[in-house]
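Source file protein29.tsv; content: TSV, C-alpha atoms.
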```tsv
chain	number	residue	atom	x	y	z
H	1	MET	CA	28.53	-53.56	-43.63
H	2	ALA	CA	29.52	-51.33	-46.53
H	3	LYS	CA	30.59	-53.39	-49.54
H	4	LEU	CA	32.34	-51.04	-51.90
H	5	PRO	CA	34.48	-51.42	-55.01
H	6	VAL	CA	38.19	-51.04	-54.24
H	7	ASP	CA	38.57	-47.58	-55.80
H	8	LEU	CA	35.52	-46.27	-53.93
H	9	TYR	CA	36.70	-47.88	-50.69
H	10	ASP	CA	40.12	-46.21	-51.05
H	11	ALA	CA	38.46	-42.84	-51.69
H	12	VAL	CA	36.35	-43.20	-48.53
H	13	VAL	CA	39.43	-44.05	-46.46
H	14	GLU	CA	41.21	-41.01	-47.92
H	15	GLN	CA	38.34	-38.69	-46.97
H	16	LEU	CA	37.85	-40.05	-43.44
H	17	LEU	CA	41.49	-40.53	-42.41
H	18	PRO	CA	42.29	-36.86	-41.59
H	19	PHE	CA	39.43	-36.86	-39.04
H	20	MET	CA	40.39	-40.11	-37.29
H	21	GLY	CA	43.73	-39.14	-35.72
H	22	THR	CA	42.99	-39.47	-32.01
H	23	ARG	CA	40.27	-41.06	-29.91
H	24	ASP	CA	38.82	-37.62	-29.11
H	25	GLU	CA	38.78	-36.59	-32.78
H	26	ARG	CA	37.08	-39.86	-33.72
H	27	GLN	CA	34.43	-39.47	-31.06
H	28	GLY	CA	33.86	-35.84	-31.98
H	29	GLU	CA	33.10	-36.81	-35.57
H	30	LEU	CA	31.27	-40.10	-35.02
H	31	ILE	CA	29.13	-39.66	-31.91
H	32	PRO	CA	26.84	-37.07	-33.56
H	33	SER	CA	26.47	-39.29	-36.64
H	34	LEU	CA	26.26	-42.76	-35.12
H	35	GLY	CA	25.40	-42.30	-31.44
H	36	GLY	CA	22.03	-44.05	-31.73
H	37	SER	CA	22.95	-46.72	-34.26
H	38	PRO	CA	23.77	-50.37	-33.51
H	39	ALA	CA	27.17	-49.89	-35.16
H	40	TYR	CA	28.15	-47.37	-32.49
H	41	SER	CA	28.29	-50.01	-29.75
H	42	ARG	CA	30.70	-52.10	-31.84
H	43	ILE	CA	33.26	-49.37	-32.51
H	44	GLU	CA	36.68	-49.99	-31.00
H	45	TRP	CA	38.00	-46.48	-30.47
H	46	ASP	CA	41.68	-47.34	-30.05
H	47	GLY	CA	44.26	-48.11	-32.70
H	48	ALA	CA	46.28	-46.40	-35.40
H	49	PRO	CA	44.24	-43.95	-37.53
H	50	LYS	CA	44.27	-46.04	-40.71
H	51	VAL	CA	43.50	-49.30	-38.90
H	52	PHE	CA	40.65	-47.60	-37.05
H	53	THR	CA	39.27	-46.13	-40.29
H	54	VAL	CA	39.36	-49.48	-42.09
H	55	LYS	CA	37.61	-51.22	-39.19
H	56	LEU	CA	35.03	-48.44	-39.01
H	57	ILE	CA	34.13	-48.76	-42.68
H	58	SER	CA	33.70	-52.51	-42.23
H	59	LEU	CA	31.16	-51.89	-39.43
H	60	LEU	CA	28.97	-49.39	-41.22
H	61	THR	CA	26.18	-49.80	-43.72
H	62	ASN	CA	26.26	-47.66	-46.86
H	63	ASP	CA	23.66	-45.33	-45.33
H	64	GLU	CA	25.66	-44.92	-42.11
H	65	LEU	CA	28.82	-44.28	-44.11
H	66	ILE	CA	27.06	-41.58	-46.13
H	67	THR	CA	25.78	-39.98	-42.91
H	68	VAL	CA	29.30	-39.87	-41.45
H	69	LEU	CA	30.79	-38.40	-44.64
H	70	ARG	CA	28.10	-35.72	-44.95
H	71	ARG	CA	28.65	-34.56	-41.36
H	72	LEU	CA	32.39	-33.98	-41.79
H	73	SER	CA	33.45	-30.37	-41.28
H	74	VAL	CA	35.15	-29.55	-44.58
H	75	GLY	CA	35.56	-26.62	-46.91
H	76	ALA	CA	33.66	-26.11	-50.16
H	77	ASP	CA	36.39	-27.77	-52.24
H	78	ARG	CA	36.24	-31.02	-50.27
H	79	ARG	CA	32.46	-30.83	-49.86
H	80	ALA	CA	31.98	-31.31	-53.61
H	81	ALA	CA	34.27	-34.36	-53.57
H	82	ILE	CA	32.43	-35.82	-50.56
H	83	ASP	CA	29.03	-35.24	-52.18
H	84	ALA	CA	30.21	-37.06	-55.32
H	85	LEU	CA	31.59	-39.87	-53.15
H	86	CYS	CA	28.26	-40.19	-51.28
H	87	ALA	CA	26.42	-40.41	-54.60
H	88	ARG	CA	28.75	-43.22	-55.70
H	89	ILE	CA	28.22	-45.06	-52.40
H	90	ALA	CA	24.45	-44.74	-52.72
H	91	ALA	CA	24.59	-46.00	-56.30
H	92	SER	CA	26.81	-48.94	-55.33
H	93	GLY	CA	24.11	-50.16	-52.94
H	94	ALA	CA	21.19	-49.55	-55.31
H	95	GLY	CA	18.97	-52.57	-55.70
H	96	GLN	CA	20.39	-54.38	-52.69
H	97	PRO	CA	17.81	-55.48	-50.13
H	98	GLN	CA	17.92	-54.01	-46.66
H	99	THR	CA	19.45	-56.56	-44.31
H	100	GLY	CA	18.77	-54.93	-40.96
H	101	VAL	CA	15.64	-54.40	-38.96
H	102	PRO	CA	15.14	-50.94	-37.48
H	103	ILE	CA	15.82	-50.85	-33.77
H	104	THR	CA	13.10	-48.89	-32.07
H	105	SER	CA	12.62	-50.29	-28.61
H	106	PRO	CA	14.80	-49.14	-25.72
H	107	GLN	CA	15.31	-52.78	-24.77
H	108	SER	CA	16.83	-53.58	-28.17
H	109	ILE	CA	19.23	-50.64	-27.93
H	110	ILE	CA	20.27	-51.67	-24.41
H	111	ALA	CA	20.74	-55.27	-25.59
H	112	LEU	CA	22.92	-54.20	-28.53
H	113	ASN	CA	25.05	-51.95	-26.33
H	114	LEU	CA	25.51	-54.75	-23.81
H	115	ILE	CA	26.40	-57.25	-26.52
H	116	GLY	CA	28.95	-54.84	-28.00
H	117	TYR	CA	30.46	-54.30	-24.55
H	118	LEU	CA	30.74	-58.04	-23.91
H	119	GLU	CA	32.11	-58.86	-27.38
H	120	ARG	CA	34.85	-56.21	-27.06
H	121	ARG	CA	35.97	-58.02	-23.91
H	122	GLY	CA	36.06	-61.42	-25.59
H	123	TYR	CA	32.75	-62.86	-24.39
H	124	LEU	CA	30.34	-64.71	-26.63
H	125	ALA	CA	26.87	-63.15	-26.51
H	126	TRP	CA	23.74	-65.02	-27.60
H	127	LEU	CA	21.19	-62.96	-29.48
H	128	VAL	CA	17.44	-63.38	-29.71
H	129	ASP	CA	16.12	-63.56	-33.26
H	130	ALA	CA	14.86	-59.95	-33.44
H	131	VAL	CA	18.20	-58.57	-32.32
H	132	ARG	CA	20.09	-61.04	-34.55
H	133	ARG	CA	18.18	-59.71	-37.59
H	134	ALA	CA	19.17	-56.19	-36.60
H	135	ARG	CA	22.83	-57.24	-36.58
H	136	PRO	CA	23.10	-59.58	-39.56
H	137	ASN	CA	26.89	-59.25	-39.77
H	138	ALA	CA	27.51	-60.14	-36.13
H	139	GLN	CA	30.27	-62.66	-35.56
H	140	LEU	CA	28.72	-65.43	-33.49
```
Represent the structure of the file as structure tokens.
Amino acid sequence: MAKLPVDLYDAVVEQLLPFMGTRDERQGELIPSLGGSPAYSRIEWDGAPKVFTVKLISLLTNDELITVLRRLSVGADRRAAIDALCARIAASGAGQPQTGVPITSPQSIIALNLIGYLERRGYLAWLVDAVRRARPNAQL
């Protein structure tokens, strides 16, 4: 989960919001960036653009957020602002320990996708320790 100072958080929302209008626009921007990450299975694609954007930021790590921002299709004027924003995000997380464990096995990816599917439908999903470490911010 990205933990950002308020001014940085607001700047990220401002940069992402124009790309998060509809479900199709959201998927077009986020699937290439996050398709293989554990956060992808937890994304709820519906909702108003600002609500969706705020929820999205709360799901992503700083590294995932930087990846999403860098993949946005923008002109040179906005690219400089996004690059500066990414540098600030990276600096805000400097010195913080990594909380997740890399997911490499196909079974872990399947488990995370299934858990995300069940949680979005209101079911409680029990996680084994390895998967729990990969999703430290999971609401259990």
(request) Skip stretch 18-25 of chain H itself and residues of its chain fewer than 4 positions away, then list as a list in words all residues within 12 Å of it, counting only C-alpha atoms. (result)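 Residues meeting the cut-off are Val12, Val13, Glu14, Glu29, Leu30, Ile31, Pro32, Ile43, Glu44, Trp45, Asp46, Gly47, Ala48, Pro49, Lys50, Val51, Phe52, Thr53, Val54, Lys55, Leu56, Ile57, Val68, Leu69, Arg71, Leu72, Ser73 and Val74 of chain H.
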(request) Rank H:Ser33, H:Ser41, H:Ser92, H:Asn113 by their smallest atom-to-atom distance to H:Val6, using all atoms listed in the file, and report the top residue only. (result)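 Of H:Ser33, H:Ser41, H:Ser92, H:Asn113, the one nearest H:Val6, counting all atoms listed in the file, is H:Ser92.
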(request) Please identify all polymer residues within 12 Å of H:Arg121, counting all atoms listed in the file, omitting same-chain residues fewer than 6 positions from it, and present them as a ChimeraX atom specification. (result) /H:42,44,114-115
(request) Tell me which of H:Leu65, H:Leu34, H:Ala39, H:Arg88 sits closest to H:Asp7, counting all atoms listed in the file. (result)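 Looking at the shortest contact to H:Asp7, the residue is H:Arg88.
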(request) Using all atoms listed in the file, find the one residue out of H:Tyr117, H:Thr67, H:Gly93, H:Gly122 that sits nearest to H:Pro5. (result) H:Gly93
(request) Have a look at H:Leu16, H:Ala76, H:Leu4, H:Ala81 and name the one nearest to H:Asn62; count only C-alpha atoms. (result)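 Checking each of H:Leu16, H:Ala76, H:Leu4, H:Ala81 against H:Asn62, counting only C-alpha atoms, the winner is H:Leu4.
As for atom CA of H:Lys3 and atom CA of H:Leu60, they are spaced 9.4 Å apart.
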(message) Could you check the closest approach to H:Arg78 for each of H:Gln15, H:Gly116, H:Tyr123, H:Tyr9 and tell me which residue wins, using only C-alpha atoms?
(response)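 That would be H:Gln15, the residue with the smallest distance to H:Arg78.
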